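Scroll down for the structure; my scribbles are underneath it.
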Amino acid sequence: MTIMAAVATMACMAQTGTWSGDLSVQGMKLQLVFRIGESEGTIDSPAQGARGIKLTVERPTGDSIVMKIPTINGQYQGRLAGDEITGTFTQHGTTFPLTLKPGEKIANRPQTPKPPYPYATEEVEFKNGDAILRGTLTLPEGCNRKTPVLLMVTGSGFQNRDEEILEHKPFAVIADALARQGIATLRYDDRGFGESKGNTATCTTEDLKNDAAAGIDLLRERFESVGVIGHSEGGTIGLMLASEGKTDFVVSLAGMVISGKETLVWQNRTMLPYEGFSEAEVEAYCEILNEAFDARVAGQNVPSIDNRDLPAMLKQDYKSTMLQLMYPYLRYFMTLDARKFIGNITCPALALNGTKDMQVEYKANLEALRSGLPSAKTVAVEGLNHMFQHCQTGLTKEYQQIEETIAPEVLETIINWIRNER
């Protein structure tokens with residue numbers, strides 16, 4: 001073997017094993033973990049709960065590497081330089097700089113449950129039409145038909161049964177806390193995600209509600225008292241199910257009660273100033289968003305933004321949002337308004353919202369629930385964000401930086417209400 005061939009072989013060997021690096025996405029650092037073999041490997045995105053995505057490995061030269069990830073339309077190109085691989089990650093035509101280093105950074109999440117557990121778990125499966133939902137039934141010690149049980153429904157976006165985001169596993173934390181207090185739960189992977197199957201391209205919140213209803217049917221075979229606990233969109237789904245008489249009690253965590261349209265406009269009005277846009281720019285943008293949403297609901301053409309005096313970034317954001325409006329999910333979400341049906345709820349209801357939530361406005365939603373359902377217990381939890389973490393600003397970029405997964409007082413409030421007040 002020549003000296004140059006030996007050097008090339010050593011470079012290839014150096015590029016195998018576990019490498020990781022951080023993508024900068026909207027102010028957050030998103031770790032990608034590559035497990036690289038000779039010609040194949042996998043990529044993980046721990047923050048998104050996505051693991052083991054297959055990739056292929058090519059080495060055009062001794063110190064360069066190309067990894068293709070077809071299932072996510074992604075690719076990484078890099079070159080070994082010392083103990084780093086410097087390069088770019090591309091997905092759907094958008095390119096990000098990404099430097100990889102050996103090993104994987106493990107985020108500190110002290111509340112994530114660790115075995116041994118003082119309760120049992122079972123893997124279960126249920127169906128809604130073509131959707132096959134798989135999840136974990138957590139059974140406290142001494143569990144029987146009279147044990148209260150809750151179906152857990154995740155927020156918007158497709159997530160695994162732990163509602164895993166940024167290496168936080170809030171549903172696992174909640175299920176663990178409830179089981180230790182004699183309360184059973186069923187959490188499941190959303191359709192088309194994790195171990196569950198089902199169409200995601202054309203589904204709406206109505207379909208996700210029916211997925212949850214199938215889970216309730218499964219639980220009724222074994223339990224007398226079946227409730228729902230949902231986070232964000234899942235909280236709204238819980239209220240939908242309660243209004244249809246399908247639950248014995250419901251817990252809404254940061255659930256949306258006002259319309260999806262109002263929520264989307266409020267989110268933009270609240271968060272855009274943190275991106276450096278002026279008050280006048282934010283108001284002008286929210287005005288055209290309102291017009292566009294109303295037009296789309298009415299089946300009319302949305303207004304053009306090209307002739308508006310707005311920054312290029314907002315114009316691009318508008319066009320991206322209008323593309324999303326072509327899909328059934330967002331069109332349905334805009335018209336979803338729990339104020340229209342919460343008056344039909346007759347079962348006990350608990351709603352908690354954090355006062356620093358930047359995704360679901362706590363005041364408007366709790367007031368709407370109190371107005372339409374006076375019997376509900378509503379709690380504004382001081383200083384918590386949308387994920388119910390203690391925080392500084394409530395901005396989404398903080399979620400990853402905070403080690404706490406869910407505030408202990410939230411867990412205590414839920415448990416006390418289920419056991420003593422409902």
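Following the order of the structure tokens, chains are lettered A, B, ..., residues in each are numbered from 1, and ligands are numbered from 1.
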
Near stretch 133-150 of chain A, 7 Å: stretch 156-275 of chain A residue rows, closest pairs, only C-alpha atoms, as CSV:
residue,atom,partner,partner_atom,distance
A:Arg161,CA,A:Gly135,CA,6.4
A:Ala179,CA,A:Pro140,CA,4.8
A:Arg180,CA,A:Pro140,CA,6.6
A:Gly182,CA,A:Pro140,CA,5.2
A:Ile183,CA,A:Pro148,CA,5.5
A:Ala184,CA,A:Val149,CA,4.4
A:Thr185,CA,A:Leu150,CA,4.7
A:Leu186,CA,A:Leu137,CA,4.4
A:Arg187,CA,A:Gly135,CA,5.5
A:Tyr188,CA,A:Gly135,CA,3.7
A:Asp189,CA,A:Gly135,CA,6.0
A:Asp190,CA,A:Leu133,CA,6.9
A:Arg191,CA,A:Leu133,CA,6.2
A:Glu195,CA,A:Arg134,CA,6.0
A:Ser196,CA,A:Leu133,CA,4.6
A:Lys197,CA,A:Leu133,CA,6.5
A:Arg222,CA,A:Arg145,CA,5.8
A:Phe223,CA,A:Arg145,CA,4.4
A:Glu224,CA,A:Lys146,CA,5.7
A:Ser225,CA,A:Pro148,CA,5.2
A:Val226,CA,A:Val149,CA,5.2
A:Gly227,CA,A:Leu150,CA,4.5
A:Val228,CA,A:Leu150,CA,4.8
A:Ile229,CA,A:Leu150,CA,6.2

Discussion item. For the structure I just gave you, how does DSSP split stretch 31-211 of chain A - specifically, which residues are alpha helix (DSSP H)? Reply as a list in words.
Written reply: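 Across stretch 31-211 of chain A, those assigned alpha helix (DSSP H) are Pro170, Phe171, Ala172, Val173, Ile174, Ala175, Asp176, Ala177, Leu178, Ala179, Thr205, Glu206, Asp207, Leu208, Lys209, Asn210 and Asp211 of chain A.
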
Residues at most 10 Å from A:Gln48, counting only C-alpha atoms, excluding those fewer than 2 positions away in the same chain, as a compact mmCIF listing (two decimals) with all heavy atoms, in the first residue's frame?
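Generated file (around-v1.txt):
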# COMPACT_ATOMS: atom_id res chain seq x y z
N LEU A 30 -30.45 22.80 16.81
CA LEU A 30 -31.05 21.49 16.58
C LEU A 30 -29.93 20.49 16.31
O LEU A 30 -29.29 20.53 15.27
CB LEU A 30 -32.01 21.55 15.40
CG LEU A 30 -32.82 20.29 15.08
CD1 LEU A 30 -33.81 20.01 16.20
CD2 LEU A 30 -33.55 20.45 13.76
N GLN A 31 -29.69 19.60 17.28
CA GLN A 31 -28.61 18.63 17.13
C GLN A 31 -28.99 17.52 16.16
O GLN A 31 -30.07 16.94 16.25
CB GLN A 31 -28.23 18.01 18.49
CG GLN A 31 -27.06 17.03 18.36
CD GLN A 31 -26.71 16.31 19.65
OE1 GLN A 31 -25.59 15.86 19.84
NE2 GLN A 31 -27.67 16.19 20.56
N LEU A 32 -28.09 17.22 15.23
CA LEU A 32 -28.21 16.07 14.35
C LEU A 32 -27.10 15.09 14.70
O LEU A 32 -25.95 15.50 14.86
CB LEU A 32 -28.13 16.47 12.88
CG LEU A 32 -29.23 17.39 12.35
CD1 LEU A 32 -29.01 17.66 10.86
CD2 LEU A 32 -30.61 16.81 12.59
N ASP A 44 -30.09 10.77 13.51
CA ASP A 44 -31.07 11.04 14.56
C ASP A 44 -31.25 12.54 14.71
O ASP A 44 -30.29 13.31 14.55
CB ASP A 44 -30.62 10.50 15.93
CG ASP A 44 -30.39 9.00 15.95
OD1 ASP A 44 -30.89 8.31 15.04
OD2 ASP A 44 -29.69 8.54 16.87
N SER A 45 -32.46 12.95 15.02
CA SER A 45 -32.73 14.31 15.47
C SER A 45 -33.39 14.19 16.83
O SER A 45 -34.62 14.16 16.93
CB SER A 45 -33.64 15.05 14.48
OG SER A 45 -33.93 16.35 14.96
N PRO A 46 -32.59 14.06 17.90
CA PRO A 46 -33.15 13.79 19.23
C PRO A 46 -34.20 14.80 19.66
O PRO A 46 -35.18 14.44 20.30
CB PRO A 46 -31.91 13.84 20.14
CG PRO A 46 -30.76 13.53 19.24
CD PRO A 46 -31.12 14.15 17.92
N ALA A 50 -36.92 11.93 16.40
CA ALA A 50 -36.72 11.13 15.18
C ALA A 50 -35.38 10.42 15.26
O ALA A 50 -34.34 11.07 15.41
CB ALA A 50 -36.77 12.03 13.95
N ARG A 51 -35.42 9.09 15.16
CA ARG A 51 -34.19 8.31 15.33
C ARG A 51 -34.11 7.19 14.30
O ARG A 51 -35.13 6.67 13.84
CB ARG A 51 -34.11 7.72 16.74
CG ARG A 51 -34.18 8.77 17.84
CD ARG A 51 -34.11 8.16 19.24
NE ARG A 51 -34.34 9.15 20.27
CZ ARG A 51 -33.43 9.97 20.75
NH1 ARG A 51 -32.19 9.91 20.29
NH2 ARG A 51 -33.72 10.85 21.70
N PHE A 158 -46.99 16.16 14.05
CA PHE A 158 -47.01 14.74 14.37
C PHE A 158 -45.85 14.39 15.30
O PHE A 158 -44.70 14.72 15.02
CB PHE A 158 -46.98 13.93 13.07
CG PHE A 158 -48.18 14.19 12.22
CD1 PHE A 158 -48.10 15.04 11.13
CD2 PHE A 158 -49.41 13.64 12.54
CE1 PHE A 158 -49.22 15.32 10.36
CE2 PHE A 158 -50.55 13.92 11.79
CZ PHE A 158 -50.44 14.77 10.69
N GLN A 159 -46.19 13.74 16.41
CA GLN A 159 -45.23 13.48 17.46
C GLN A 159 -45.37 12.05 17.98
O GLN A 159 -46.38 11.40 17.76
CB GLN A 159 -45.45 14.47 18.62
CG GLN A 159 -45.27 15.92 18.21
CD GLN A 159 -45.92 16.87 19.21
OE1 GLN A 159 -45.34 17.18 20.24
NE2 GLN A 159 -47.12 17.31 18.92
N ASN A 160 -44.34 11.62 18.71
CA ASN A 160 -44.43 10.28 19.29
C ASN A 160 -45.24 10.30 20.58
O ASN A 160 -45.70 11.35 21.03
CB ASN A 160 -43.04 9.67 19.49
CG ASN A 160 -42.21 10.39 20.56
OD1 ASN A 160 -42.72 11.11 21.41
ND2 ASN A 160 -40.90 10.20 20.51
N GLU A 163 -44.76 12.82 23.29
CA GLU A 163 -44.81 14.20 22.81
C GLU A 163 -43.40 14.81 22.84
O GLU A 163 -43.19 15.94 23.24
CB GLU A 163 -45.78 15.05 23.64
CG GLU A 163 -46.27 16.27 22.88
CD GLU A 163 -47.03 17.27 23.73
OE1 GLU A 163 -46.72 17.42 24.93
OE2 GLU A 163 -47.92 17.93 23.19
N GLU A 164 -42.44 14.01 22.38
CA GLU A 164 -41.03 14.38 22.51
C GLU A 164 -40.68 15.58 21.64
O GLU A 164 -40.98 15.63 20.45
CB GLU A 164 -40.15 13.19 22.12
CG GLU A 164 -38.67 13.42 22.39
CD GLU A 164 -37.85 12.16 22.21
OE1 GLU A 164 -38.44 11.09 21.99
OE2 GLU A 164 -36.62 12.27 22.30
N ILE A 165 -40.06 16.57 22.26
CA ILE A 165 -39.59 17.75 21.56
C ILE A 165 -38.35 18.27 22.26
O ILE A 165 -38.34 18.40 23.49
CB ILE A 165 -40.68 18.84 21.48
CG1 ILE A 165 -40.15 20.09 20.77
CG2 ILE A 165 -41.22 19.19 22.85
CD1 ILE A 165 -41.21 21.14 20.49
N LEU A 166 -37.29 18.51 21.51
CA LEU A 166 -36.05 19.04 22.06
C LEU A 166 -35.54 18.19 23.23
O LEU A 166 -35.06 18.70 24.23
CB LEU A 166 -36.24 20.50 22.48
CG LEU A 166 -36.69 21.44 21.35
CD1 LEU A 166 -37.08 22.79 21.89
CD2 LEU A 166 -35.59 21.58 20.30
N GLU A 167 -35.70 16.89 23.09
CA GLU A 167 -35.27 15.89 24.07
C GLU A 167 -36.05 15.95 25.38
O GLU A 167 -35.71 15.28 26.35
CB GLU A 167 -33.76 15.97 24.31
CG GLU A 167 -32.96 15.67 23.04
CD GLU A 167 -31.48 15.79 23.20
OE1 GLU A 167 -30.86 14.86 23.73
OE2 GLU A 167 -30.94 16.84 22.80
N HIS A 168 -37.10 16.77 25.41
CA HIS A 168 -38.05 16.72 26.52
C HIS A 168 -39.12 15.68 26.17
O HIS A 168 -39.51 15.55 25.01
CB HIS A 168 -38.72 18.08 26.73
CG HIS A 168 -37.83 19.11 27.33
ND1 HIS A 168 -37.45 19.07 28.65
CD2 HIS A 168 -37.23 20.20 26.79
CE1 HIS A 168 -36.66 20.12 28.91
NE2 HIS A 168 -36.51 20.80 27.80

Practice prompt. Just give me the gap between atom CA of A:Asp162 and atom CA of A:Glu233 in Å, one decimal is fine.
Written response: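 For atom CA of A:Asp162 relative to atom CA of A:Glu233, the distance reads 15.2 Å.
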
Worksheet item: Can you tell me, as a list in words, what residues are no more than 8 Å from A:Asn385 when counting only C-alpha atoms, ignoring any on the same chain fewer than 5 positions away?
Response: Gly354, Thr355, Lys356, Asp357, Met358, His390, Cys391, Thr393, Gly394 and Leu395 of chain A

Worksheet item: So which residues touch A:Asp176 within 9 Å, counting only C-alpha atoms, skipping near sequence neighbours fewer than 2 positions away, as a list in words?
Response: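 My list of contacting residues is Thr112, Pro113, Tyr117, Tyr119, Thr138, Phe171, Ala172, Val173, Ile174, Leu178, Ala179, Arg180 and Gln181 of chain A.
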
Discussion item. As a list in words, please: the residues near A:Gly198 (cut-off 7 Å, only C-alpha atoms, same-chain neighbours under 5 positions excluded).
Written reply: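 The contact residues come out as Asp130, Ala131, Ile132, Arg191 and Gly192 of chain A.
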
Practice prompt. Between atom CA of A:Asn301 and atom CA of A:Met322, measure the distance and give it in Å to one decimal.
Written response: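 Atom CA of A:Asn301 sits 10.3 Å away from atom CA of A:Met322.
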
Worksheet item: Leaving out A:Ser20 and any residue of its chain fewer than 2 positions from it, which residues lie within 12 Å of it when counting only C-alpha atoms, given as a PyMOL selection string?
Response: chain A and resi 15-18+22-23+30-36+42-46+76+84-86+98-106

Fill in: Between atom CA of A:Gly215 and atom CA of A:Ala120 - distance in Å to one decimal
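One can read the atom CA of A:Ala120 to atom CA of A:Gly215 distance as 18.8 Å.
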
Item to complete: Going by DSSP on the backbone, which bits of stretch 148-280 of chain A are strand (DSSP E or B)? Write them as a PyMOL selection string, please.
Response: chain A and resi 149-153+165+168+184-188+197+226-231+249-253

Fill in: Shortest interatomic distance to A:Ile415 - which of A:Ala175, A:Gly155, A:Gly299, A:Gly49, counting only C-alpha atoms
A:Ala175
